[in-house]
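Participant: Enclosed is the structure file upload-v4.txt (compact mmCIF, C-alpha atoms and all ligand atoms).
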```
# COMPACT_ATOMS: atom_id res chain seq x y z
CA MET R 16 23.91 50.70 67.60
CA ALA R 17 22.34 51.27 71.00
CA ASP R 18 22.21 55.06 70.69
CA ALA R 19 22.02 55.36 66.91
CA GLN R 20 18.36 55.29 66.01
CA ILE R 21 18.85 55.34 62.30
CA GLY R 22 22.47 55.58 61.41
CA TRP R 23 24.26 55.22 58.18
CA ARG R 24 27.11 52.96 58.80
CA ILE R 25 27.67 50.32 56.23
CA ALA R 26 30.76 48.74 57.50
CA THR R 27 32.33 45.39 57.34
CA ARG R 28 32.92 43.59 60.56
CA ALA R 29 36.09 41.70 60.98
CA ALA R 30 34.40 38.42 61.76
CA THR R 31 37.03 36.06 63.02
CA ALA R 32 35.96 33.40 60.57
CA THR R 33 36.49 35.73 57.63
CA LEU R 34 39.85 36.95 58.81
CA ALA R 35 41.04 33.42 59.02
CA GLY R 36 39.64 32.83 55.54
CA GLU R 37 41.43 35.89 54.29
CA SER R 38 44.82 34.75 55.40
CA ALA R 39 44.04 31.42 53.80
CA ALA R 40 43.21 33.14 50.52
CA LYS R 41 46.87 33.35 49.62
CA LYS R 42 47.24 29.64 50.17
CA HIS R 43 44.29 29.05 47.89
CA ALA R 44 46.07 30.90 45.15
CA THR R 45 48.53 28.03 44.75
CA PRO R 46 47.46 25.27 42.33
CA ALA R 47 48.04 22.61 44.98
CA ALA R 48 45.61 24.28 47.35
CA GLN R 49 43.07 24.58 44.55
CA ALA R 50 43.37 20.92 43.74
CA SER R 51 42.90 19.95 47.36
CA SER R 52 39.52 21.66 47.47
CA SER R 53 37.68 20.12 44.52
CA THR R 54 34.23 21.25 45.60
CA LEU R 55 35.26 24.88 45.78
CA PRO R 56 37.01 25.73 42.53
CA SER R 57 38.39 29.25 42.45
CA ASN R 58 38.72 30.03 38.76
CA ARG R 59 36.21 32.87 38.81
CA LYS R 60 37.19 36.50 38.66
CA LYS R 61 34.34 37.50 40.95
CA PRO R 62 32.70 35.95 43.98
CA VAL R 63 29.47 34.02 43.64
CA ALA R 64 26.58 35.72 45.43
CA CYS R 65 23.85 33.58 47.01
CA ILE R 66 20.56 35.19 47.93
CA VAL R 67 19.04 32.87 50.52
CA LEU R 68 15.23 32.92 50.30
CA GLY R 69 12.53 30.70 51.74
CA MET R 70 9.37 30.67 53.82
CA ALA R 71 9.64 31.80 57.44
CA GLY R 72 11.15 29.01 59.52
CA ALA R 73 12.54 27.10 56.52
CA GLY R 74 16.01 27.42 58.06
CA LYS R 75 17.65 30.25 56.10
CA THR R 76 19.50 31.69 59.07
CA THR R 77 20.53 28.27 60.34
CA LEU R 78 21.82 27.48 56.85
CA MET R 79 23.85 30.71 56.87
CA GLN R 80 25.37 29.61 60.15
CA ARG R 81 26.22 26.22 58.66
CA LEU R 82 27.76 27.76 55.54
CA ASN R 83 29.77 30.06 57.77
CA ALA R 84 31.20 27.08 59.67
CA TYR R 85 31.87 25.11 56.50
CA LEU R 86 33.60 27.89 54.56
CA HIS R 87 35.63 28.79 57.61
CA ALA R 88 36.80 25.18 57.91
CA GLU R 89 37.52 25.07 54.15
CA ARG R 90 39.57 28.25 54.52
CA THR R 91 37.65 29.91 51.75
CA PRO R 92 37.30 33.72 51.85
CA TYR R 93 33.66 34.77 51.99
CA TYR R 94 31.32 37.48 53.17
CA LEU R 95 28.08 37.10 55.07
CA VAL R 96 25.43 39.76 54.65
CA ASN R 97 22.40 40.02 56.92
CA LEU R 98 19.38 41.75 55.41
CA ASP R 99 16.96 40.83 58.20
CA PRO R 100 16.57 43.97 60.32
CA ALA R 101 14.33 42.21 62.84
CA VAL R 102 16.54 39.29 63.74
CA LEU R 103 17.48 39.52 67.40
CA ASP R 104 20.73 37.74 67.16
CA THR R 105 22.42 36.35 64.10
CA PRO R 106 24.07 33.09 65.03
CA PHE R 107 26.66 33.84 62.36
CA GLY R 108 28.82 36.96 62.58
CA ALA R 109 27.67 38.92 59.52
CA ASN R 110 30.32 41.02 57.79
CA ILE R 111 27.71 43.47 56.61
CA ASP R 112 24.59 43.80 58.73
CA ILE R 113 21.50 45.89 57.95
CA ARG R 114 21.10 46.36 61.72
CA ASP R 115 24.23 48.49 61.79
CA THR R 116 22.51 50.90 59.43
CA VAL R 117 18.84 50.90 60.29
CA ASN R 118 17.19 50.45 63.67
CA TYR R 119 14.01 48.70 62.73
CA LYS R 120 12.22 49.36 66.02
CA GLU R 121 12.91 53.06 65.59
CA VAL R 122 11.66 52.96 61.99
CA MET R 123 8.44 51.35 63.29
CA ARG R 124 8.05 54.08 65.88
CA GLN R 125 8.88 57.02 63.62
CA TYR R 126 6.67 55.85 60.79
CA ASN R 127 3.98 54.38 63.01
CA LEU R 128 4.29 50.97 61.39
CA GLY R 129 3.66 47.39 62.39
CA PRO R 130 6.42 44.79 62.39
CA ASN R 131 6.16 43.88 58.68
CA GLY R 132 5.93 47.52 57.58
CA GLY R 133 8.95 48.27 59.77
CA ILE R 134 11.00 45.49 58.17
CA LEU R 135 9.94 46.55 54.68
CA THR R 136 10.74 50.23 55.26
CA SER R 137 14.09 49.36 56.82
CA LEU R 138 14.92 47.24 53.77
CA ASN R 139 13.84 50.10 51.47
CA LEU R 140 16.12 52.50 53.32
CA PHE R 141 18.98 50.06 53.11
CA ALA R 142 18.40 49.42 49.39
CA THR R 143 18.82 53.13 48.62
CA ARG R 144 22.48 52.72 49.45
CA PHE R 145 23.13 49.18 48.31
CA GLU R 146 25.79 50.58 45.96
CA ASP R 147 27.96 51.08 49.06
CA VAL R 148 27.54 47.44 49.99
CA LEU R 149 28.66 46.43 46.50
CA LYS R 150 31.71 48.69 46.80
CA LEU R 151 32.67 47.04 50.08
CA ILE R 152 32.30 43.62 48.50
CA GLU R 153 34.29 44.60 45.43
CA ALA R 154 37.02 46.14 47.57
CA ARG R 155 37.74 42.78 49.15
CA LYS R 156 40.06 40.82 46.92
CA ASN R 157 39.87 37.03 46.58
CA LEU R 158 36.36 36.73 47.94
CA ARG R 159 34.79 33.53 46.71
CA TYR R 160 31.27 33.68 48.10
CA VAL R 161 28.87 36.33 49.29
CA MET R 162 26.01 34.78 51.26
CA VAL R 163 22.98 36.98 51.80
CA ASP R 164 20.37 36.17 54.46
CA THR R 165 16.94 37.74 53.89
CA PRO R 166 14.03 38.64 56.22
CA GLY R 167 12.07 35.74 57.69
CA GLN R 168 8.88 36.65 55.80
CA ILE R 169 9.74 35.83 52.21
CA GLU R 170 7.36 38.31 50.55
CA ILE R 171 9.17 41.25 52.13
CA PHE R 172 12.04 40.50 49.81
CA THR R 173 10.28 38.95 46.83
CA TRP R 174 7.43 41.45 46.50
CA SER R 175 9.21 44.69 47.25
CA ALA R 176 11.06 47.16 45.09
CA SER R 177 14.03 46.96 47.44
CA GLY R 178 14.28 43.18 47.02
CA ALA R 179 14.32 43.68 43.26
CA ILE R 180 16.92 46.45 43.51
CA ILE R 181 19.16 44.32 45.69
CA SER R 182 18.94 41.20 43.55
CA GLU R 183 19.39 43.19 40.32
CA SER R 184 22.39 45.06 41.73
CA LEU R 185 24.02 41.83 42.81
CA GLY R 186 23.03 40.05 39.59
CA SER R 187 24.58 42.73 37.43
CA THR R 188 27.81 42.84 39.42
CA MET R 189 28.72 39.20 40.01
CA PRO R 190 27.43 35.67 39.33
CA THR R 191 24.31 35.46 41.49
CA VAL R 192 22.20 32.47 42.43
CA ILE R 193 18.90 32.38 44.28
CA VAL R 194 19.02 29.70 46.96
CA TYR R 195 15.46 28.70 47.74
CA VAL R 196 15.30 26.91 51.10
CA VAL R 197 12.42 24.47 51.59
CA ASP R 198 11.28 23.06 54.93
CA THR R 199 11.26 19.41 53.85
CA PRO R 200 9.24 17.92 56.76
CA ARG R 201 6.54 20.52 56.16
CA SER R 202 6.45 19.84 52.45
CA ALA R 203 5.80 16.12 52.74
CA ASN R 204 2.17 16.86 51.94
CA ALA R 205 1.72 16.94 48.13
CA VAL R 206 -0.45 20.07 48.07
CA THR R 207 1.92 22.01 50.37
CA PHE R 208 4.82 20.80 48.28
CA MET R 209 3.17 22.11 45.15
CA SER R 210 2.41 25.49 46.71
CA ASN R 211 6.02 25.83 47.75
CA MET R 212 7.24 24.92 44.26
CA LEU R 213 4.81 27.38 42.67
CA TYR R 214 6.26 30.09 44.86
CA ALA R 215 9.79 29.07 43.82
CA CYS R 216 8.62 29.19 40.21
CA SER R 217 7.32 32.74 40.61
CA ILE R 218 10.67 33.78 42.08
CA LEU R 219 12.54 32.28 39.14
CA TYR R 220 10.51 34.29 36.66
CA LYS R 221 10.71 37.47 38.69
CA ALA R 222 14.41 37.39 39.57
CA LYS R 223 15.64 36.00 36.24
CA LEU R 224 18.55 34.37 38.04
CA PRO R 225 19.48 30.70 38.37
CA LEU R 226 17.58 28.96 41.13
CA LEU R 227 18.91 26.28 43.45
CA VAL R 228 16.27 24.52 45.53
CA VAL R 229 17.65 23.38 48.88
CA PHE R 230 15.57 20.83 50.74
CA ASN R 231 16.54 21.54 54.34
CA LYS R 232 16.04 19.55 57.54
CA ILE R 233 16.79 16.19 55.92
CA ASP R 234 17.85 15.02 59.37
CA VAL R 235 14.11 14.98 60.16
CA THR R 236 12.67 13.96 56.77
CA PRO R 237 14.93 12.80 53.91
CA HIS R 238 14.09 14.55 50.65
CA HIS R 239 13.91 11.48 48.37
CA PHE R 240 10.15 11.83 48.10
CA ALA R 241 10.59 15.35 46.71
CA VAL R 242 13.11 14.22 44.12
CA ASP R 243 10.73 11.40 43.14
CA TRP R 244 7.85 13.84 42.75
CA MET R 245 9.99 16.19 40.70
CA THR R 246 11.24 13.53 38.32
CA ASP R 247 8.15 11.31 38.04
CA LEU R 248 4.94 13.12 37.29
CA THR R 249 2.82 9.98 37.78
CA ALA R 250 4.21 9.49 41.27
CA PHE R 251 3.33 13.07 42.13
CA GLN R 252 -0.17 12.80 40.68
CA GLU R 253 -0.74 9.64 42.70
CA ALA R 254 0.31 11.51 45.84
CA LEU R 255 -2.11 14.30 44.96
CA GLN R 256 -4.93 11.78 44.44
CA ALA R 257 -4.15 10.21 47.78
CA GLU R 258 -4.75 13.54 49.45
CA LYS R 259 -8.16 13.71 47.78
CA SER R 260 -7.61 17.36 47.12
CA TYR R 261 -10.81 19.16 46.26
CA MET R 262 -9.02 20.91 43.42
CA GLY R 263 -8.01 17.64 41.76
CA THR R 264 -7.96 18.73 38.10
CA LEU R 265 -6.39 22.11 38.77
CA ALA R 266 -3.68 20.44 40.83
CA THR R 267 -3.02 17.97 38.00
CA SER R 268 -2.68 20.78 35.43
CA MET R 269 -0.37 22.72 37.70
CA ALA R 270 1.74 19.62 38.25
CA LEU R 271 2.14 19.42 34.46
CA MET R 272 3.25 23.02 34.31
CA LEU R 273 5.70 22.51 37.16
CA GLU R 274 7.35 19.66 35.28
CA GLU R 275 8.67 22.24 32.81
CA PHE R 276 9.85 24.45 35.69
CA TYR R 277 11.74 21.58 37.34
CA ASN R 278 13.88 21.25 34.20
CA SER R 279 15.33 24.68 34.82
CA LEU R 280 16.55 24.23 38.37
CA SER R 281 19.00 22.30 40.50
CA VAL R 282 18.00 20.46 43.66
CA VAL R 283 20.01 19.45 46.70
CA GLY R 284 19.12 18.11 50.15
CA VAL R 285 20.86 19.40 53.27
CA SER R 286 20.57 19.59 57.00
CA ALA R 287 21.58 23.00 58.23
CA MET R 288 21.49 21.48 61.70
CA THR R 289 23.88 18.54 61.18
CA GLY R 290 25.78 19.77 58.13
CA ALA R 291 24.73 16.84 55.94
CA GLY R 292 24.77 17.62 52.21
CA ILE R 293 26.78 20.84 52.44
CA PRO R 294 29.58 19.73 50.03
CA ALA R 295 26.84 18.76 47.54
CA PHE R 296 25.31 22.19 48.09
CA PHE R 297 28.53 23.88 46.99
CA GLU R 298 28.82 21.61 43.95
CA ALA R 299 25.28 22.55 42.92
CA LEU R 300 25.99 26.21 43.67
CA GLU R 301 29.04 26.21 41.41
CA LYS R 302 27.01 24.60 38.62
CA ALA R 303 24.31 27.23 39.03
CA ALA R 304 26.99 29.95 38.91
CA ASP R 305 28.33 28.42 35.67
CA GLU R 306 24.81 28.52 34.34
CA TYR R 307 24.62 32.19 35.29
CA GLU R 308 27.75 32.91 33.31
CA GLU R 309 26.60 30.94 30.27
CA THR R 310 23.02 32.08 30.02
CA TYR R 311 21.76 34.59 32.59
CA GLY R 312 24.96 36.61 32.68
CA ALA R 313 25.23 36.64 28.87
CA GLU R 314 21.60 37.78 28.61
CA LEU R 315 22.22 40.43 31.25
CA GLN R 316 25.28 41.65 29.40
CA ARG R 317 23.25 41.79 26.18
CA ARG R 318 20.60 43.87 27.96
CA GLN R 319 23.23 46.15 29.49
CA GLU R 320 24.96 46.62 26.12
CA ALA R 321 21.65 47.45 24.46
CA LYS R 322 20.94 49.94 27.22
CA ALA R 323 24.42 51.48 26.89
CA ALA R 324 24.02 51.72 23.09
CA ALA R 325 20.64 53.41 23.50
CA GLU R 326 22.14 55.83 26.01
CA GLU R 327 25.04 56.59 23.68
CA ALA R 328 22.63 57.26 20.79
CA ARG R 329 20.59 59.52 23.05
CA GLN R 330 23.73 61.39 24.11
CA LYS R 331 24.80 61.81 20.47
CA GLU R 332 21.39 63.12 19.55
CA ALA R 333 21.43 65.51 22.51
CA ASN R 334 24.92 66.75 21.55
CA ALA R 335 23.88 67.26 17.93
CA HIS R 336 20.85 69.13 19.15
CA PHE R 337 22.99 71.28 21.39
CA SER R 338 25.42 72.07 18.53
CA ARG R 339 22.55 73.05 16.23
CA ASP R 340 21.13 75.28 18.93
CA ARG R 341 24.53 76.83 19.56
CA GLU R 342 25.01 77.53 15.85
CA ALA R 343 21.62 79.12 15.65
CA GLU R 344 22.41 81.17 18.71
CA VAL R 345 25.72 82.39 17.28
CA SER R 346 24.30 83.21 13.87
CA GLY R 347 21.34 84.80 15.59
CA ALA R 348 23.79 87.16 17.23
CA ALA R 349 25.18 87.88 13.77
CA GLY R 350 21.89 89.35 12.75
CA LEU R 351 19.87 86.39 11.47
CA GLU R 352 17.21 87.16 13.95
CA ALA R 353 16.87 90.58 12.47
CA ALA R 354 16.39 88.87 9.13
CA GLY R 355 13.35 87.00 10.50
CA ALA R 356 14.89 83.60 11.28
CA ARG R 357 13.72 81.87 14.43
CA VAL R 358 16.44 81.51 17.00
CA VAL R 359 16.00 78.42 19.09
CA LEU R 360 17.50 78.62 22.52
CA ASP R 361 15.47 75.93 24.20
CA GLY R 362 15.86 72.61 22.38
CA ARG R 363 13.00 71.09 24.32
CA ARG R 364 10.56 73.24 22.46
CA HIS R 365 10.90 71.42 19.19
CA ARG R 366 10.38 68.02 20.67
CA GLY R 367 6.65 68.33 21.05
CA GLY R 368 6.36 70.33 17.81
CA GLY R 369 6.36 73.59 19.78
CA SER R 370 2.71 74.27 19.09
CA ASP R 371 1.37 73.91 22.59
CA ASP R 372 1.98 77.37 23.93
CA GLU R 373 0.34 76.77 27.22
CA GLU R 374 2.58 73.86 28.02
CA SER R 375 5.69 75.78 26.98
CA GLU R 376 4.72 78.59 29.25
CA SER R 377 4.23 76.35 32.21
CA GLU R 378 7.64 74.83 31.59
CA ASP R 379 9.15 78.28 31.71
CA GLU R 380 7.36 79.07 34.91
CA ALA R 381 8.67 75.98 36.58
CA GLY R 382 12.21 76.94 35.75
CA GLY R 383 12.51 74.79 32.63
CA ALA R 384 14.37 72.02 34.40
CA GLY R 385 12.13 69.37 32.86
CA TYR R 386 9.62 70.02 35.64
CA THR R 387 6.24 70.46 34.01
CA ARG R 388 2.85 71.63 35.13
CA GLU R 389 1.85 67.97 35.07
CA ASP R 390 4.43 67.24 37.74
CA GLU R 391 3.14 70.11 39.78
CA GLU R 392 -0.43 68.92 39.49
CA TRP R 393 0.65 65.43 40.42
CA GLY R 394 2.14 66.83 43.58
CA GLN R 395 -1.06 68.67 44.43
CA GLU R 396 -3.38 65.82 43.59
CA ASN R 397 -1.44 63.39 45.71
CA PRO R 398 -0.56 65.34 48.83
CA ASP R 399 -0.06 62.15 50.81
CA GLU R 400 2.30 60.65 48.29
CA ALA R 401 4.21 63.91 48.00
CA ALA R 402 4.52 64.07 51.78
CA ASP R 403 5.63 60.44 51.88
CA ARG R 404 8.19 61.12 49.23
CA GLU R 405 9.50 64.17 51.03
CA GLU R 406 9.71 62.23 54.28
CA TYR R 407 11.51 59.39 52.56
CA GLU R 408 13.91 61.75 50.81
CA SER R 409 14.69 63.67 53.96
CA LEU R 410 15.44 60.41 55.70
CA ALA R 411 17.69 59.39 52.84
CA ARG R 412 19.47 62.77 53.11
CA TYR R 413 19.81 62.28 56.82
CA LEU R 414 21.33 58.86 56.27
CA GLN R 415 23.72 60.32 53.73
CA LYS R 416 24.79 62.96 56.24
CA ARG R 417 25.33 60.38 58.95
CA LYS R 418 27.42 58.29 56.62
CA GLY R 419 30.71 59.95 57.51
N1 LIG H 1 15.91 19.59 62.59
C1 LIG H 1 16.33 20.65 61.94
N2 LIG H 1 15.90 21.89 62.31
C2 LIG H 1 16.34 22.95 61.63
C3 LIG H 1 17.22 22.83 60.53
N3 LIG H 1 17.47 24.06 60.04
C4 LIG H 1 16.77 24.93 60.80
N4 LIG H 1 16.09 24.27 61.77
C5 LIG H 1 15.21 24.87 62.78
O1 LIG H 1 14.16 25.55 62.13
C6 LIG H 1 13.81 26.72 62.86
C7 LIG H 1 13.81 27.93 61.97
O2 LIG H 1 15.11 28.17 61.52
P1 LIG H 1 15.63 29.61 61.04
O3 LIG H 1 17.01 29.39 60.53
O4 LIG H 1 15.44 30.62 62.08
O5 LIG H 1 14.62 29.90 59.85
P2 LIG H 1 14.47 31.20 58.92
O6 LIG H 1 13.23 31.90 59.36
O7 LIG H 1 14.29 30.63 57.54
O8 LIG H 1 15.71 31.99 59.05
C8 LIG H 1 14.78 26.81 64.02
O9 LIG H 1 14.17 26.32 65.17
C9 LIG H 1 15.93 25.92 63.59
O10 LIG H 1 16.58 25.35 64.67
C10 LIG H 1 17.68 21.50 60.16
O11 LIG H 1 18.42 21.28 59.21
N5 LIG H 1 17.17 20.48 60.90
MG MG H 2 16.04 34.00 59.55
```
Would you put the structure from the file into structure tokens?
Facilitator:
Amino acid sequence: MADAQIGWRIATRAATATLAGESAAKKHATPAAQASSSTLPSNRKKPVACIVLGMAGAGKTTLMQRLNAYLHAERTPYYLVNLDPAVLDTPFGANIDIRDTVNYKEVMRQYNLGPNGGILTSLNLFATRFEDVLKLIEARKNLRYVMVDTPGQIEIFTWSASGAIISESLGSTMPTVIVYVVDTPRSANAVTFMSNMLYACSILYKAKLPLLVVFNKIDVTPHHFAVDWMTDLTAFQEALQAEKSYMGTLATSMALMLEEFYNSLSVVGVSAMTGAGIPAFFEALEKAADEYEETYGAELQRRQEAKAAAEEARQKEANAHFSRDREAEVSGAAGLEAAGARVVLDGRRHRGGGSDDEESESEDEAGGAGYTREDEEWGQENPDEAADREEYESLARYLQKRKG
């Protein structure tokens, strides 16, 4: 990576932990081995993907390291994916690492960006080829978990198109769970706690994937208080009162709203540092993955089927259109045209009624490839955006070229 400024190498590393897990995969295939590992059932056809999210410093990377150690010890085959381009050193050996593909410092320099812009652009570049990552994951047989670490600053993933692309791609390929890591000692304050939960709530509605809230750092502050607040609204309201928050009534209303949200998630307390609570984490993760299959996955499949049906109908319509046009063309050659019938060679013309001559003309000028005058004007009116797009596309082409 030292010389490659922006390279396109999505490769899997043979992390020692994973290789050991791989050889153990065959052992896992025997019923006895399955029975011996009750927390990690292996009756799924596909691995469970975990997208690890959380505020900066919540302990996402440390948790990845802990999961790495645990799964390695459990001899469970897994993949670790690092999506943080700015991390200096991952304490876990990621199998797929964004840093092998994009040099974030170089992206900052080339695009004249600050650190956050650099991370965001690197993630965007990586997302354009996330399909390749999925192929690598799918090529590995017997994988049970795919753990994905995300950039330190949560909004880079949650409020970007690339974050959405990545979570949707994973979510439509395999059971996917959002693991929301909370810094428990920092959330002991009721107002901070509520802010954190509101953020988690927004992620749930945006990602439309099951959410597992992981209260981390329980070696410093046990998470009982959080569970109490989440199950007993009165207790939480009392805590809010005690803080004499200036937004007392608003906070109370939001607490009421959150009560509904809490019903739709699972909660577990862990210490990424000591390893406490990790078996419980996997139990909760498996339950969340079951939930994905029962509800989220079924809904996703319904959406995909509807989309496929719509596409099929569109294709049929386009084929019928094409056949009609062909017939007209053939009979036109037979002399219909001479008889005054209109021969339609360009099916697009009837779509808009064919009355707008000016528009039809401009379509012809632009080569008729669905590129209209409107598109052209858009390009002229937004020179910056067009230049950005060109720059982005040329970089994507460059990456594609470097791929081999
Ligand atoms: N005491 C304690 N510290 C932790 C724990 N998990 C993470 N940390 C510390 O929290 C800090 C931030 O962790 P990191 O994993 O880099 O957070 P990230 O930004 O979410 O990836 C580091 O100093 C970690 O050592 C934990 O379970 N207990
Ligand atoms: Mg991190």
Participant: I'd like the interatomic distance between atom CA of R:Ser281 and atom CA of R:Ala303, to a tenth of an Å.
Facilitator: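 Computing it gives 7.4 Å between the two atoms.
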Participant: How would you write, as JSON, numbers by chain, the set of residues no farther than 12 Å from ligand MG 2 (chain H) when counting only C-alpha atoms and all ligand atoms?
Facilitator: {"R": [67, 68, 69, 70, 71, 72, 73, 74, 75, 76, 77, 78, 79, 80, 97, 98, 99, 100, 101, 102, 103, 104, 105, 106, 107, 163, 164, 165, 166, 167, 168, 169, 196]}
Participant: For the selection just defined, write its residues with C-alpha atoms to a file, as a compact mmCIF listing (two decimals), in the frame of the given file.
Facilitator:
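Output file selection25.txt follows:
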```
# COMPACT_ATOMS: atom_id res chain seq x y z
CA VAL R 67 19.04 32.87 50.52
CA LEU R 68 15.23 32.92 50.30
CA GLY R 69 12.53 30.70 51.74
CA MET R 70 9.37 30.67 53.82
CA ALA R 71 9.64 31.80 57.44
CA GLY R 72 11.15 29.01 59.52
CA ALA R 73 12.54 27.10 56.52
CA GLY R 74 16.01 27.42 58.06
CA LYS R 75 17.65 30.25 56.10
CA THR R 76 19.50 31.69 59.07
CA THR R 77 20.53 28.27 60.34
CA LEU R 78 21.82 27.48 56.85
CA MET R 79 23.85 30.71 56.87
CA GLN R 80 25.37 29.61 60.15
CA ASN R 97 22.40 40.02 56.92
CA LEU R 98 19.38 41.75 55.41
CA ASP R 99 16.96 40.83 58.20
CA PRO R 100 16.57 43.97 60.32
CA ALA R 101 14.33 42.21 62.84
CA VAL R 102 16.54 39.29 63.74
CA LEU R 103 17.48 39.52 67.40
CA ASP R 104 20.73 37.74 67.16
CA THR R 105 22.42 36.35 64.10
CA PRO R 106 24.07 33.09 65.03
CA PHE R 107 26.66 33.84 62.36
CA VAL R 163 22.98 36.98 51.80
CA ASP R 164 20.37 36.17 54.46
CA THR R 165 16.94 37.74 53.89
CA PRO R 166 14.03 38.64 56.22
CA GLY R 167 12.07 35.74 57.69
CA GLN R 168 8.88 36.65 55.80
CA ILE R 169 9.74 35.83 52.21
CA VAL R 196 15.30 26.91 51.10
```
Participant: Give, as AutoDock Vina command-line options, the centre coordinates and the x, y and z edge lengths in Å to one decimal for an axis-aligned box around all listed atoms of stretch 72-81 of chain R, padded by 8 Å on each side.
Facilitator:
```
--center_x 18.7 --center_y 29.0 --center_z 58.2 --size_x 31.1 --size_y 21.5 --size_z 20.2
```
Participant: Give me the residues within 12 Å of R:Phe240 as a short mmCIF file (atom, residue, chain, number, x, y, z; two decimals) with C-alpha atoms, in the coordinates of the input, counting all atoms listed in the file and dropping any in the same chain fewer than 6 places off.
Facilitator:
```cif
data_model
loop_
_atom_site.label_atom_id
_atom_site.label_comp_id
_atom_site.auth_asym_id
_atom_site.auth_seq_id
_atom_site.Cartn_x
_atom_site.Cartn_y
_atom_site.Cartn_z
CA THR R 199 11.26 19.41 53.85
CA PRO R 200 9.24 17.92 56.76
CA SER R 202 6.45 19.84 52.45
CA ALA R 203 5.80 16.12 52.74
CA ASN R 204 2.17 16.86 51.94
CA ALA R 205 1.72 16.94 48.13
CA PHE R 208 4.82 20.80 48.28
CA PHE R 230 15.57 20.83 50.74
CA ILE R 233 16.79 16.19 55.92
CA THR R 246 11.24 13.53 38.32
CA ASP R 247 8.15 11.31 38.04
CA ALA R 250 4.21 9.49 41.27
CA PHE R 251 3.33 13.07 42.13
CA ALA R 254 0.31 11.51 45.84
CA GLY R 284 19.12 18.11 50.15
#
```
Participant: Counting all atoms listed in the file, what is within 9 Å of R:Ile193, bar same-chain residues fewer than 4 positions away, as a PyMOL selection string?
Facilitator: chain R and resi 64-68+182+218-219+222+224-228
Participant: Between atom CA of R:Val282 and atom CA of R:Leu255, what is the spacing in Å?
Facilitator: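 Atom CA of R:Leu255 sits 21.1 Å away from atom CA of R:Val282.
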Participant: Taking into account only C-alpha atoms and all ligand atoms, which residue in the set R:Ser279, R:Ser210, R:Thr289, R:Ser137 is nearest to ligand LIG 1 (chain H)?
Facilitator: R:Thr289
